[in-house]
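Dumped structure.txt below, it's compact mmCIF, C-alpha atoms:
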# COMPACT_ATOMS: atom_id res chain seq x y z
CA ILE A 14 44.13 -19.63 43.71
CA THR A 15 43.03 -22.84 45.42
CA ILE A 16 40.03 -23.06 47.74
CA ARG A 17 39.80 -26.59 49.11
CA ASN A 18 39.51 -28.80 46.01
CA LEU A 19 38.81 -25.96 43.54
CA THR A 20 41.80 -24.45 41.74
CA LEU A 21 41.41 -21.41 39.47
CA SER A 22 44.13 -20.31 37.04
CA ASN A 23 43.76 -16.70 38.19
CA ARG A 24 41.53 -14.45 40.30
CA LEU A 25 39.50 -12.94 37.47
CA VAL A 26 35.81 -13.86 37.53
CA MET A 27 33.11 -13.14 34.96
CA PRO A 28 29.93 -12.41 36.92
CA PRO A 29 26.46 -13.54 35.86
CA MET A 30 24.92 -11.48 33.05
CA ALA A 31 21.67 -12.61 31.45
CA THR A 32 21.75 -13.30 27.72
CA ALA A 33 18.07 -14.35 27.44
CA LYS A 34 19.14 -16.84 24.76
CA ALA A 35 17.59 -20.01 26.24
CA ASP A 36 14.66 -21.69 24.52
CA GLU A 37 11.08 -21.35 25.79
CA ASN A 38 11.59 -24.23 28.24
CA GLY A 39 14.83 -22.86 29.65
CA HIS A 40 17.16 -25.25 27.83
CA VAL A 41 20.63 -24.06 26.87
CA THR A 42 20.81 -23.33 23.13
CA ASP A 43 23.72 -23.20 20.71
CA ALA A 44 23.60 -19.42 21.03
CA VAL A 45 24.18 -19.68 24.79
CA CYS A 46 27.11 -22.07 24.28
CA ASP A 47 28.65 -19.85 21.60
CA TYR A 48 28.43 -16.81 23.88
CA TYR A 49 30.23 -18.47 26.79
CA ARG A 50 32.72 -20.35 24.63
CA GLU A 51 33.90 -17.06 23.15
CA ARG A 52 34.38 -15.48 26.55
CA ALA A 53 36.22 -18.52 27.88
CA LYS A 54 38.45 -18.75 24.82
CA TYR A 55 39.54 -15.14 24.44
CA SER A 56 39.51 -13.81 28.01
CA LYS A 57 41.18 -16.78 29.74
CA ILE A 58 39.69 -15.66 33.04
CA GLY A 59 39.76 -18.12 35.93
CA LEU A 60 36.02 -18.56 36.51
CA ILE A 61 32.76 -17.90 34.69
CA ILE A 62 29.54 -17.69 36.69
CA THR A 63 26.72 -18.26 34.25
CA GLU A 64 23.54 -16.20 34.12
CA HIS A 65 20.86 -16.86 36.72
CA SER A 66 18.85 -20.04 36.21
CA TYR A 67 15.44 -20.35 37.82
CA ILE A 68 15.03 -23.16 40.33
CA HIS A 69 11.29 -23.49 39.71
CA LEU A 70 8.90 -22.01 37.16
CA GLN A 71 7.35 -19.96 40.00
CA GLY A 72 10.61 -18.01 40.18
CA LYS A 73 11.24 -17.41 36.47
CA ALA A 74 12.22 -13.78 35.94
CA HIS A 75 11.97 -13.27 32.18
CA PRO A 76 11.63 -15.00 28.79
CA GLY A 77 14.82 -16.63 27.55
CA GLN A 78 16.06 -17.35 31.07
CA THR A 79 17.86 -20.64 31.59
CA SER A 80 16.19 -23.23 33.83
CA MET A 81 17.64 -25.52 36.48
CA ALA A 82 14.15 -26.58 37.51
CA SER A 83 13.94 -30.08 36.04
CA ASP A 84 16.20 -32.98 35.13
CA ASP A 85 15.59 -32.64 31.40
CA VAL A 86 17.81 -29.52 31.26
CA ILE A 87 20.91 -31.40 32.42
CA PRO A 88 22.11 -32.61 28.98
CA SER A 89 21.99 -29.09 27.50
CA PHE A 90 23.90 -27.69 30.47
CA ARG A 91 26.45 -30.48 30.05
CA GLN A 92 27.15 -29.14 26.56
CA LEU A 93 27.70 -25.69 28.08
CA THR A 94 30.07 -26.81 30.83
CA ASP A 95 32.00 -28.97 28.35
CA CYS A 96 32.62 -26.07 25.95
CA ILE A 97 33.85 -23.84 28.80
CA HIS A 98 36.06 -26.55 30.30
CA GLN A 99 37.64 -27.18 26.89
CA GLU A 100 39.10 -23.67 27.15
CA GLY A 101 40.61 -24.38 30.58
CA VAL A 102 38.12 -22.22 32.48
CA LYS A 103 36.04 -23.25 35.51
CA VAL A 104 32.32 -22.49 35.69
CA PHE A 105 29.69 -22.03 38.42
CA ALA A 106 25.91 -22.01 37.90
CA GLN A 107 23.97 -19.16 39.50
CA LEU A 108 20.65 -20.32 40.99
CA SER A 109 17.78 -17.90 41.42
CA HIS A 110 14.15 -17.40 42.36
CA ALA A 111 12.67 -14.05 41.32
CA GLY A 112 10.09 -13.95 44.11
CA SER A 113 7.86 -10.89 43.89
CA ALA A 114 9.69 -9.72 40.76
CA ALA A 115 8.08 -12.56 38.78
CA LEU A 116 4.95 -12.07 36.69
CA SER A 117 2.15 -14.60 36.26
CA LYS A 118 2.15 -13.98 32.49
CA ILE A 119 5.71 -15.38 32.48
CA THR A 120 5.36 -18.12 35.08
CA GLY A 121 1.69 -19.06 34.88
CA GLN A 122 1.59 -18.77 38.67
CA PRO A 123 0.77 -15.93 41.09
CA PRO A 124 3.88 -14.12 42.37
CA VAL A 125 5.03 -14.68 45.95
CA GLY A 126 7.42 -12.89 48.27
CA PRO A 127 8.32 -12.44 51.92
CA SER A 128 5.51 -9.88 52.28
CA PRO A 129 2.62 -8.60 50.12
CA ILE A 130 4.61 -5.62 48.81
CA ARG A 131 4.87 -4.73 45.13
CA HIS A 132 8.33 -5.07 43.65
CA PRO A 133 9.94 -1.94 42.12
CA LYS A 134 10.51 -3.87 38.87
CA GLN A 135 7.01 -5.32 38.81
CA GLN A 136 4.08 -3.10 39.69
CA GLU A 137 1.37 -5.14 37.93
CA GLU A 138 0.68 -7.78 40.57
CA LEU A 139 0.68 -7.83 44.36
CA PRO A 140 2.64 -10.87 45.60
CA ALA A 141 1.22 -13.21 48.19
CA GLU A 142 3.10 -13.53 51.48
CA MET A 143 4.89 -16.86 51.55
CA THR A 144 3.78 -19.41 54.12
CA LEU A 145 6.31 -21.38 56.16
CA ALA A 146 5.52 -24.40 54.00
CA GLN A 147 6.28 -22.40 50.86
CA ILE A 148 9.57 -21.20 52.35
CA ARG A 149 10.57 -24.81 53.06
CA GLN A 150 9.59 -25.74 49.50
CA VAL A 151 11.83 -23.04 48.03
CA THR A 152 14.72 -24.34 50.15
CA GLU A 153 14.20 -27.80 48.65
CA TRP A 154 14.07 -26.34 45.13
CA PHE A 155 17.44 -24.67 45.64
CA ALA A 156 18.94 -27.96 46.83
CA GLN A 157 17.48 -29.93 43.92
CA ALA A 158 18.73 -27.34 41.43
CA ALA A 159 22.23 -27.50 42.92
CA VAL A 160 22.29 -31.27 42.44
CA ARG A 161 21.33 -30.81 38.79
CA ALA A 162 24.12 -28.28 38.36
CA LYS A 163 26.61 -30.75 39.80
CA GLN A 164 25.32 -33.49 37.51
CA ALA A 165 25.65 -31.12 34.55
CA GLY A 166 29.37 -30.68 35.19
CA PHE A 167 29.48 -27.30 36.91
CA ASP A 168 32.40 -26.74 39.28
CA GLY A 169 30.18 -25.06 41.89
CA VAL A 170 27.03 -23.01 42.39
CA GLU A 171 26.29 -19.43 43.34
CA LEU A 172 23.07 -18.60 45.20
CA HIS A 173 21.54 -15.36 43.93
CA SER A 174 20.68 -12.93 46.72
CA ALA A 175 21.05 -9.68 44.82
CA HIS A 176 19.18 -7.43 42.37
CA GLY A 177 15.95 -7.65 44.35
CA TYR A 178 15.29 -11.36 43.81
CA LEU A 179 13.74 -13.62 46.45
CA LEU A 180 16.65 -14.19 48.85
CA ASN A 181 17.52 -10.50 48.63
CA GLN A 182 13.89 -9.62 49.30
CA PHE A 183 14.10 -11.46 52.62
CA PHE A 184 17.31 -9.54 53.43
CA SER A 185 15.78 -6.14 52.66
CA PRO A 186 13.49 -4.45 55.23
CA LEU A 187 11.90 -2.64 52.27
CA ALA A 188 10.48 -5.94 50.97
CA ASN A 189 10.29 -7.93 54.18
CA GLN A 190 7.72 -6.90 56.80
CA ARG A 191 7.04 -10.33 58.27
CA THR A 192 6.40 -10.80 61.98
CA ASP A 193 7.80 -14.34 62.29
CA ALA A 194 11.35 -15.70 62.55
CA TYR A 195 12.09 -14.61 58.95
CA GLY A 196 11.10 -10.98 59.57
CA PRO A 197 13.19 -7.79 59.56
CA GLN A 198 13.59 -7.50 63.32
CA SER A 199 17.25 -8.57 63.08
CA VAL A 200 19.87 -9.41 60.48
CA GLU A 201 19.83 -12.94 61.87
CA ASN A 202 16.14 -13.22 60.95
CA ARG A 203 16.67 -11.68 57.53
CA ILE A 204 19.36 -14.21 56.60
CA ARG A 205 17.62 -17.20 58.18
CA LEU A 206 16.41 -18.36 54.76
CA HIS A 207 19.91 -17.91 53.30
CA ARG A 208 21.41 -20.13 55.99
CA GLU A 209 18.71 -22.76 55.55
CA VAL A 210 19.25 -22.78 51.79
CA ILE A 211 23.04 -23.05 52.18
CA HIS A 212 22.58 -25.94 54.63
CA ALA A 213 20.12 -27.75 52.32
CA VAL A 214 22.39 -27.30 49.30
CA ARG A 215 25.43 -28.52 51.27
CA GLN A 216 23.53 -31.60 52.41
CA ALA A 217 22.49 -32.31 48.82
CA VAL A 218 25.79 -31.80 46.98
CA GLY A 219 28.29 -33.03 49.58
CA GLU A 220 31.22 -31.42 51.35
CA ASP A 221 33.54 -30.95 48.37
CA PHE A 222 31.27 -29.00 46.00
CA PRO A 223 31.80 -25.21 46.23
CA ILE A 224 28.88 -22.98 47.23
CA ALA A 225 29.05 -19.21 46.72
CA LEU A 226 26.46 -16.54 47.48
CA ARG A 227 26.03 -13.19 45.77
CA LEU A 228 24.65 -10.73 48.31
CA GLY A 229 23.16 -7.38 47.44
CA GLY A 230 24.39 -5.95 50.70
CA CYS A 231 22.97 -2.43 50.72
CA ASP A 232 19.68 -0.94 49.47
CA TYR A 233 21.07 2.65 49.46
CA THR A 234 17.58 3.77 50.50
CA ASP A 235 16.21 5.03 53.81
CA GLY A 236 14.84 2.13 55.80
CA GLY A 237 16.65 -0.44 53.67
CA SER A 238 19.59 -2.72 54.25
CA THR A 239 22.91 -1.06 55.10
CA VAL A 240 26.60 -1.82 54.61
CA LEU A 241 26.82 -2.66 58.31
CA ASP A 242 23.96 -5.16 57.84
CA CYS A 243 25.98 -6.72 55.04
CA VAL A 244 29.07 -7.09 57.24
CA GLU A 245 27.02 -8.74 59.98
CA ALA A 246 25.31 -11.03 57.48
CA CYS A 247 28.62 -12.17 56.00
CA GLN A 248 30.11 -12.83 59.43
Can you dump the structure from the file as structure tokens?
Amino acid sequence: ITIRNLTLSNRLVMPPMATAKADENGHVTDAVCDYYRERAKYSKIGLIITEHSYIHLQGKAHPGQTSMASDDVIPSFRQLTDCIHQEGVKVFAQLSHAGSAALSKITGQPPVGPSPIRHPKQQEELPAEMTLAQIRQVTEWFAQAAVRAKQAGFDGVELHSAHGYLLNQFFSPLANQRTDAYGPQSVENRIRLHREVIHAVRQAVGEDFPIALRLGGCDYTDGGSTVLDCVEACQ
């Protein structure tokens, strides 16, 4: 399958699954490379999307998570993309911010989210509602992380808006009770941040670098996002 300048040998994709094998600073380790090399070598799928990498320490989800938050990680990611490419498989980097699912004992920073609502995965700390300036900052972090991924040899990036992480929190009325233009009053408002992030990433990486987005489209809970919301969002 060919999509613009990206050609995959087949339509099978390995989705992101966290290994938690990075070092304490988020650098790719030999264990991470060995894990992906084995999957690329023996499965011969068309595309691997690597586990979510945090775009800033504020959005780190757990120990052992890979980082795309600073330039010093690029050489270790280059080793990873090289070992996957040697097996004839393409690879995208998934970029993520955990938002209110993050813990200060992991990040060293207070958690933030669209609204001051405790996350189902993280009941210890109440997140602070993000200011407009903080929202703009996160958009810039996504763009900067995408540039690093491109420099590290990835064939594209996937923006993580699933599993209750920050972008998905803005999409979900369960986590988003804002009263401004990013609030839950419409699907358009709830995906405003997604569109701004996509635009910023596109501006940063150029027209020919693929951008994907993983959307957790339905909360399956009363008052949450619905399948119809997902259809509207994708359109």
Can you report as JSON the centre and edge lengths in Å, to one decimal, of an axis-aligned box around the listed atoms of stretch 31-34 of chain A padded with 8 Å on each side?
{"center_x": 19.9, "center_y": -14.7, "center_z": 28.1, "size_x": 19.7, "size_y": 20.2, "size_z": 22.7}
If you count all atoms listed in the file, the residue of A:Gln99, A:Ser22, A:Gln135, A:Gln164 closest to A:Val86 turns out to be A:Gln164
Minimum-distance residue to A:Phe222, chosen among A:Val45, A:Met143, A:Ala156, A:Val170 (using only C-alpha atoms):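 Using only C-alpha atoms, A:Phe222 sits closest to A:Val170.
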What's around A:Thr32 at 9 Å? Count all atoms listed in the file, leave out sequence neighbours fewer than 6 positions away in its own chain, and write the answer as a VMD selection string. chain A and resid 45 48 64 77 to 78
Nearest to A:Val200 among A:Glu37, A:Glu142, A:Glu153, A:Glu245, with distances taken over all atoms listed in the file: which residue is it? A:Glu245
Within 7 Å of A:Thr120, counting all atoms listed in the file, which residues qualify if same-chain residues fewer than 5 places away don't, as a PyMOL selection string? chain A and resi 70-71+73
Using all atoms listed in the file for the distances, tell me which of A:His98, A:Lys134, A:His75, A:Arg227 is nearest to A:Ser117.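 Among the listed residues, A:His75 lies closest to A:Ser117.
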When distances are computed from only C-alpha atoms, which of A:Arg215, A:Pro127, A:Glu51, A:Lys118 shows the smallest separation from A:Arg191?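 With only C-alpha atoms as the atom set, the closest residue is A:Pro127.
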Compile the contact shell of stretch 172-184 of chain A as a PyMOL selection string: residues with an atom at most 9 Å away, counting only C-alpha atoms, same-chain residues fewer than 4 positions apart removed. chain A and resi 65+72+74+106-115+125-128+132-134+155+188-190+195-197+200+202-207+210-211+224-230+238
Requested write-out: C-alpha atoms of the selected residues, as a compact mmCIF listing (two decimals), in the coordinates of the input:
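Final output, again03.txt:
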# COMPACT_ATOMS: atom_id res chain seq x y z
CA HIS A 65 20.86 -16.86 36.72
CA GLY A 72 10.61 -18.01 40.18
CA ALA A 74 12.22 -13.78 35.94
CA ALA A 106 25.91 -22.01 37.90
CA GLN A 107 23.97 -19.16 39.50
CA LEU A 108 20.65 -20.32 40.99
CA SER A 109 17.78 -17.90 41.42
CA HIS A 110 14.15 -17.40 42.36
CA ALA A 111 12.67 -14.05 41.32
CA GLY A 112 10.09 -13.95 44.11
CA SER A 113 7.86 -10.89 43.89
CA ALA A 114 9.69 -9.72 40.76
CA ALA A 115 8.08 -12.56 38.78
CA VAL A 125 5.03 -14.68 45.95
CA GLY A 126 7.42 -12.89 48.27
CA PRO A 127 8.32 -12.44 51.92
CA SER A 128 5.51 -9.88 52.28
CA HIS A 132 8.33 -5.07 43.65
CA PRO A 133 9.94 -1.94 42.12
CA LYS A 134 10.51 -3.87 38.87
CA PHE A 155 17.44 -24.67 45.64
CA ALA A 188 10.48 -5.94 50.97
CA ASN A 189 10.29 -7.93 54.18
CA GLN A 190 7.72 -6.90 56.80
CA TYR A 195 12.09 -14.61 58.95
CA GLY A 196 11.10 -10.98 59.57
CA PRO A 197 13.19 -7.79 59.56
CA VAL A 200 19.87 -9.41 60.48
CA ASN A 202 16.14 -13.22 60.95
CA ARG A 203 16.67 -11.68 57.53
CA ILE A 204 19.36 -14.21 56.60
CA ARG A 205 17.62 -17.20 58.18
CA LEU A 206 16.41 -18.36 54.76
CA HIS A 207 19.91 -17.91 53.30
CA VAL A 210 19.25 -22.78 51.79
CA ILE A 211 23.04 -23.05 52.18
CA ILE A 224 28.88 -22.98 47.23
CA ALA A 225 29.05 -19.21 46.72
CA LEU A 226 26.46 -16.54 47.48
CA ARG A 227 26.03 -13.19 45.77
CA LEU A 228 24.65 -10.73 48.31
CA GLY A 229 23.16 -7.38 47.44
CA GLY A 230 24.39 -5.95 50.70
CA SER A 238 19.59 -2.72 54.25
Between A:Met27, A:Ala146, A:Val160, A:Ile130, smallest distance to A:Val102 by all atoms listed in the file belongs to A:Met27
Correct to one decimal, the distance atom CA of A:Lys34-atom CA of A:His69 is 18.1 Å
Grab the atom CA of A:Asp168 to atom CA of A:Asn23 distance for me, in Å with one decimal place.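 The value is 15.2 Å.
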Mind giving me the straight-line distance from atom CA of A:Leu93 to atom CA of A:Ser66 in Å, one decimal?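 So the two atoms, atom CA of A:Leu93 and atom CA of A:Ser66, lie 13.3 Å apart.
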Which polymer residues, whether protein, DNA or RNA, lie within 7 Å of the coordinate (3.5, -7.5, 35.8) when you count all atoms listed in the file? List them as a PyMOL selection string, using the chain letters and numbers from the file. chain A and resi 116+135-138
Hey, can you spit out that residue selection with C-alpha atoms as a compact mmCIF listing (two decimals), in the coordinates of the input?
# COMPACT_ATOMS: atom_id res chain seq x y z
CA LEU A 116 4.95 -12.07 36.69
CA GLN A 135 7.01 -5.32 38.81
CA GLN A 136 4.08 -3.10 39.69
CA GLU A 137 1.37 -5.14 37.93
CA GLU A 138 0.68 -7.78 40.57
Leaving out A:Phe105 and any residue of its chain fewer than 6 positions from it, which residues lie within 10 Å of it when counting only C-alpha atoms, given as an NGL selection string? :A and (28-29 or 60-64 or 94 or 162-163 or 166-171 or 223-225)
Might you pull out every residue within 12 Å of A:Asp95, with only C-alpha atoms counted and same-chain residues fewer than 5 positions away left off, and present them as an MDAnalysis selection string? chainID A and resid 46:47 49:50 53 88:90 100:104 165:168
Protein, DNA and RNA residues within 10 Å of (21.4, -1.5, 54.8), all atoms listed in the file, as a CSV table (one decimal) with C-alpha atoms, keeping the file's coordinate frame:
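Output (out-v6.csv):
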chain,number,residue,atom,x,y,z
A,184,PHE,CA,17.3,-9.5,53.4
A,185,SER,CA,15.8,-6.1,52.7
A,186,PRO,CA,13.5,-4.4,55.2
A,187,LEU,CA,11.9,-2.6,52.3
A,200,VAL,CA,19.9,-9.4,60.5
A,229,GLY,CA,23.2,-7.4,47.4
A,230,GLY,CA,24.4,-6.0,50.7
A,231,CYS,CA,23.0,-2.4,50.7
A,232,ASP,CA,19.7,-0.9,49.5
A,233,TYR,CA,21.1,2.6,49.5
A,234,THR,CA,17.6,3.8,50.5
A,235,ASP,CA,16.2,5.0,53.8
A,236,GLY,CA,14.8,2.1,55.8
A,237,GLY,CA,16.6,-0.4,53.7
A,238,SER,CA,19.6,-2.7,54.2
A,239,THR,CA,22.9,-1.1,55.1
A,240,VAL,CA,26.6,-1.8,54.6
A,241,LEU,CA,26.8,-2.7,58.3
A,242,ASP,CA,24.0,-5.2,57.8
A,243,CYS,CA,26.0,-6.7,55.0
A,244,VAL,CA,29.1,-7.1,57.2
